[in-house]
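Trainee: The structure is given below, and queries will be raised subsequently.
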Amino acid sequence: MQLIFEKSVEGRRGFEVPRSDVGFKAQIPQPYRRRRDCPLPEVSELDVVRHFTLLSQRNYSVDTQFYPLGSCTMKYNPKFTEVIAAMPGFADLHPLLPQLEDGEKLVQGALEVIFELEQWLCEITGMRRFTMQPLAGAHGELTGVMIMAAYHKTKGNKKKYIIVPDSAHGTNPATAAIAGYEIVAVRSDSRGVMDLNELREKLTDEAAGLMLTCPNTLGIFNADVDTIADMIHAVDGLMYCDGANLNAILGRCRPGDIGFDVMHLNTHKTFTTPHGGGGPGAGPVGVVEKLVPFLPISLVDRREDGTYYLNYDYPESIGYLSSFYGNFAILLRAYAYILMAGQAGLKAISAHAVLNANYIKERLKPYYKIAYDRPCMHEAVFSASEQARRGVHATDIAKFLIDQNIHPPTVYFPLSVKEAIMIEPTETESKETMDRFVEAMIQADELSRADPEAFHDLPKTTVVSRPDEVKAARDLNTNYFAR
Ligand SMILES: *Cc1c(COP(=O)(O)O)cnc(C)c1O
């Protein structure tokens with residue numbers, strides 16, 4: 001190693017600097033130039049490759065193992081959509097091209113993709129139009145609630161709050177608050193859906209609308225949607241559908257047909273795109289006819305001659321939402337994925353998503369308390385309350401699973417379930433994989449009876465075992481050198 005280091009330093013001294021480099025150096029004023037060599041460590045290529053390969057193997061990936069993280073799951077991410085997103089005809093387009101004179105001609109293919117994807121999303125959801133701009137699900141929610149606010153402003157409605165049931169995804173109340181509304185929460189009833197009586201009590205003329213996660217975070221489809229929609233519409237409120245987990249109802253039920261006025265999708269959940277760590281994503285927002293004028297600009301429209309263009313002529317629009325036209329490469333993946341699946345394929349997605357979740361629910365029911373014992377949609381929510389009585393909490397079970405090389409499910413969410421364990425297998429996992437997961441969960445339950453103390457120093461197989469999560473949340477320090 002030492003030899004390599006010295007040699008390369010030698011080599012660099014004698015190396016003839018290329019001309020362009022000379023020019024670049026000359027542009028840096030003398031006082032700012034380096035006087036000594038920078039003391040960077042020098043290691044061989046092999047050592048660098050080994051270092052980063054080892055790090056990558058410590059990383060947990062859906063390409064290597066099961067990832068049953070409820071609600072925010074990595075659903076199916078086929079490799080062929082990556083190939084399509086990397087095609088030079090799409091990947092090399094510059095976002096400023098459409099602004100150039102004649103530039104529109106050069107992006108007709110990309111505009112057609114956005115246009116057709118919008119039509120398909122309308123067909124799938126029963127909405128009238130979609131904006132492709134929002135860059136994530138939560139960004140889509142904000143877009144949707146801003147559209148709701150613009151509608152009320154135009155109509156002169158005095159609205160103060162948005163109703164959000166306790167089974168909503170956490171981003172729903174956060175979105176409504178950021179958009180300037182107060183939040184009125186409604187509890188779930190014994191069926192795991194919004195309590196209609198409580199809604200009736202809390203609903204007044206000042207309700208801007210209601211945000212319903214559909215299916216909700218308990219994995220349950222609210223069969224009262226049409227009744228709720230009638231109640232909300234009666235006060236000129238708007239029905240917002242959080243459709244992040246559309247894979248549960250794909251091809252079977254269209255939010256636009258059951259009373260929703262505005263919704264977002266997570267293409268990075270339902271229609272591919274790997275999105276570990278919160279991104280990248282695309283959260284298209286669809287609206288019914290009366291909300292179309294408020295959509296963000298621009299929209300892709302088609303002329304009589306069949307050419308596509310970016311239309312900025314929507315005077316009532318809420319304005320720009322993201323730079324350019326959204327996460328185009330992600331929209332392209334969704335386009336390819338929907339094209340591949342076709343109508344029958346889209347229906348198969350929801351069939352398998354629901355079947356898989358119910359399989360896990362039935363197999364684990366004898367061991368873990370089920371939050372609401374009724375058929376679930378894309379995910380099943382359990383409570384580790386029995387295990388907790390033995391001193392083994394949901395988080396302990398999560399740590400146990402890590403040692404079995406399984407990514408833990410979502411724990412402690414939804415908040416309405418004590419010791420919640422929320423499992424979403426997704427439509428693409430095999431029975432063998434699910435069985436291996438179920439066996440691991442059963443083992444965890446057995447160990448909680450036999451030796452609850454054993455959980456407390458798990459996981460044992462990871463580089464870091466149990467960080468102090470409370471301290472990490474309160475006193476976050478990601479700077480290695482500041483420690
Ligand atoms: C994931 C998710 C969101 C948020 O989507 P992001 O792309 O992570 O912002 C919102 N609602 C539900 C139901 C979700 O599952």
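In the structure tokens, chains take letters A, B, ... by order of appearance, with residues numbered from 1 within each chain and ligands from 1 in the order shown.
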Need to verify the contact set: Leu458 (chain A), 8 Å, only C-alpha atoms, exclusion of same-chain residues closer than 4 positions in sequence. Can you return it as an MDAnalysis selection string?

Mentor: chainID A and resid 396 399:400 403 454 465:466

Trainee: For ligand 1, return the neighbouring residues as number ranges by chain (distance at most 8 Å; only C-alpha atoms and all ligand atoms).

Mentor: A: 70-73, 135-141, 168-172, 213-217, 242-245, 266, 268-269, 278-283

Trainee: Name the closest residue to Ala86 (chain A) among the candidates A:Arg252, A:Glu386, A:Tyr161, A:Leu332; distances are taken between atoms, counting only C-alpha atoms.

Mentor: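 Among A:Arg252, A:Glu386, A:Tyr161, A:Leu332, it is A:Leu332 that comes nearest to Ala86 (chain A).
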
Trainee: Could you pull out the strand (DSSP E) residues of region 220-385 of chain A, going by DSSP on the backbone, and write them as a ChimeraX atom specification?

Mentor: /A:238-243,262-265,285-287,299-302,308-311,369-370,380-383

Trainee: Go ahead and compute the interatomic distance for CA of Ile442 (chain A) and CA of Tyr372 (chain A), in Å to one decimal.

Mentor: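 Between CA of Ile442 (chain A) and CA of Tyr372 (chain A) the gap is 19.7 Å.
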
Trainee: Mind checking which residues fall within 12 Å of Ser350 (chain A), counting only C-alpha atoms, ignoring those fewer than 5 positions away in the same chain, and posting them as a PyMOL selection string?

Mentor: chain A and resi 75+215+245-253+270-271+341+343-345+355-357+377-379+426-428

Trainee: What lies within 9 Å of Ile124 (chain A) using only C-alpha atoms, ignoring chain neighbours under 2 positions off, as a PyMOL selection string?

Mentor: chain A and resi 119-122+126-127+250-251+253-255

Trainee: Let's have the selection written as a PDB file, in the first residue's frame, with N, CA and C atoms.

Mentor:
ATOM      1  N   GLN A 119     -54.359  10.377 -19.695  1.00  0.00           N
ATOM      2  CA  GLN A 119     -55.623   9.765 -20.113  1.00  0.00           C
ATOM      3  C   GLN A 119     -55.851   8.426 -19.413  1.00  0.00           C
ATOM      4  N   TRP A 120     -54.792   7.651 -19.297  1.00  0.00           N
ATOM      5  CA  TRP A 120     -54.928   6.347 -18.643  1.00  0.00           C
ATOM      6  C   TRP A 120     -55.267   6.513 -17.164  1.00  0.00           C
ATOM      7  N   LEU A 121     -54.601   7.473 -16.509  1.00  0.00           N
ATOM      8  CA  LEU A 121     -54.893   7.677 -15.080  1.00  0.00           C
ATOM      9  C   LEU A 121     -56.343   8.123 -14.899  1.00  0.00           C
ATOM     10  N   CYS A 122     -56.839   8.938 -15.849  1.00  0.00           N
ATOM     11  CA  CYS A 122     -58.243   9.361 -15.785  1.00  0.00           C
ATOM     12  C   CYS A 122     -59.152   8.143 -15.911  1.00  0.00           C
ATOM     13  N   GLY A 126     -61.354   7.476 -12.834  1.00  0.00           N
ATOM     14  CA  GLY A 126     -62.630   8.162 -13.020  1.00  0.00           C
ATOM     15  C   GLY A 126     -62.546   9.664 -12.802  1.00  0.00           C
ATOM     16  N   MET A 127     -61.317  10.195 -12.808  1.00  0.00           N
ATOM     17  CA  MET A 127     -61.160  11.650 -12.690  1.00  0.00           C
ATOM     18  C   MET A 127     -61.197  12.273 -14.095  1.00  0.00           C
ATOM     19  N   LEU A 250     -57.164  -1.322  -7.740  1.00  0.00           N
ATOM     20  CA  LEU A 250     -56.898  -1.109  -9.163  1.00  0.00           C
ATOM     21  C   LEU A 250     -57.807  -1.962 -10.049  1.00  0.00           C
ATOM     22  N   GLY A 251     -58.478  -1.311 -10.970  1.00  0.00           N
ATOM     23  CA  GLY A 251     -59.299  -2.050 -11.930  1.00  0.00           C
ATOM     24  C   GLY A 251     -60.626  -2.529 -11.375  1.00  0.00           C
ATOM     25  N   CYS A 253     -62.498  -0.439  -8.642  1.00  0.00           N
ATOM     26  CA  CYS A 253     -63.310   0.646  -8.111  1.00  0.00           C
ATOM     27  C   CYS A 253     -62.618   1.947  -8.480  1.00  0.00           C
ATOM     28  N   ARG A 254     -63.376   2.909  -9.001  1.00  0.00           N
ATOM     29  CA  ARG A 254     -62.770   4.173  -9.410  1.00  0.00           C
ATOM     30  C   ARG A 254     -63.199   5.270  -8.435  1.00  0.00           C
ATOM     31  N   PRO A 255     -62.241   5.894  -7.775  1.00  0.00           N
ATOM     32  CA  PRO A 255     -62.590   6.937  -6.796  1.00  0.00           C
ATOM     33  C   PRO A 255     -63.546   7.992  -7.368  1.00  0.00           C
TER      34      PRO A 255
END

Trainee: What's the separation between CA of Pro296 (chain A) and CA of Pro88 (chain A), in Å to one decimal place?

Mentor: 28.4 Å

Trainee: Figure out the distance between CA of Leu321 (chain A) and CA of Thr143 (chain A), please, to one decimal in Å.

Mentor: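 Interatomic distance, CA of Thr143 (chain A) to CA of Leu321 (chain A): 7.6 Å.
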
Trainee: Given the choices A:Ile147, A:Arg191, A:Met441, A:Asn311, which gets closest to Ala179 (chain A) if the distance is worked out from only C-alpha atoms?

Mentor: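 Answer, going by the shortest atom-to-atom distance: A:Ile147.
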
Trainee: Considering only C-alpha atoms, state which residue in the set A:Asp226, A:Glu304, A:Asp257, A:Glu201 is at the smallest distance from Glu123 (chain A).

Mentor: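 Ranking A:Asp226, A:Glu304, A:Asp257, A:Glu201 by distance to Glu123 (chain A), first place goes to A:Asp257.
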
Trainee: So that I can check the surroundings of Gly256 (chain A), please list as a list in words every protein, DNA and RNA residue that reaches within 8 Å of it, counting only C-alpha atoms and ignoring chain neighbours fewer than 3 positions away.

Mentor: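 Final neighbour list, sorted by chain and number: Thr125, Gly126, Met127, Gly259, Phe260, Asp261 and Val288 of chain A.
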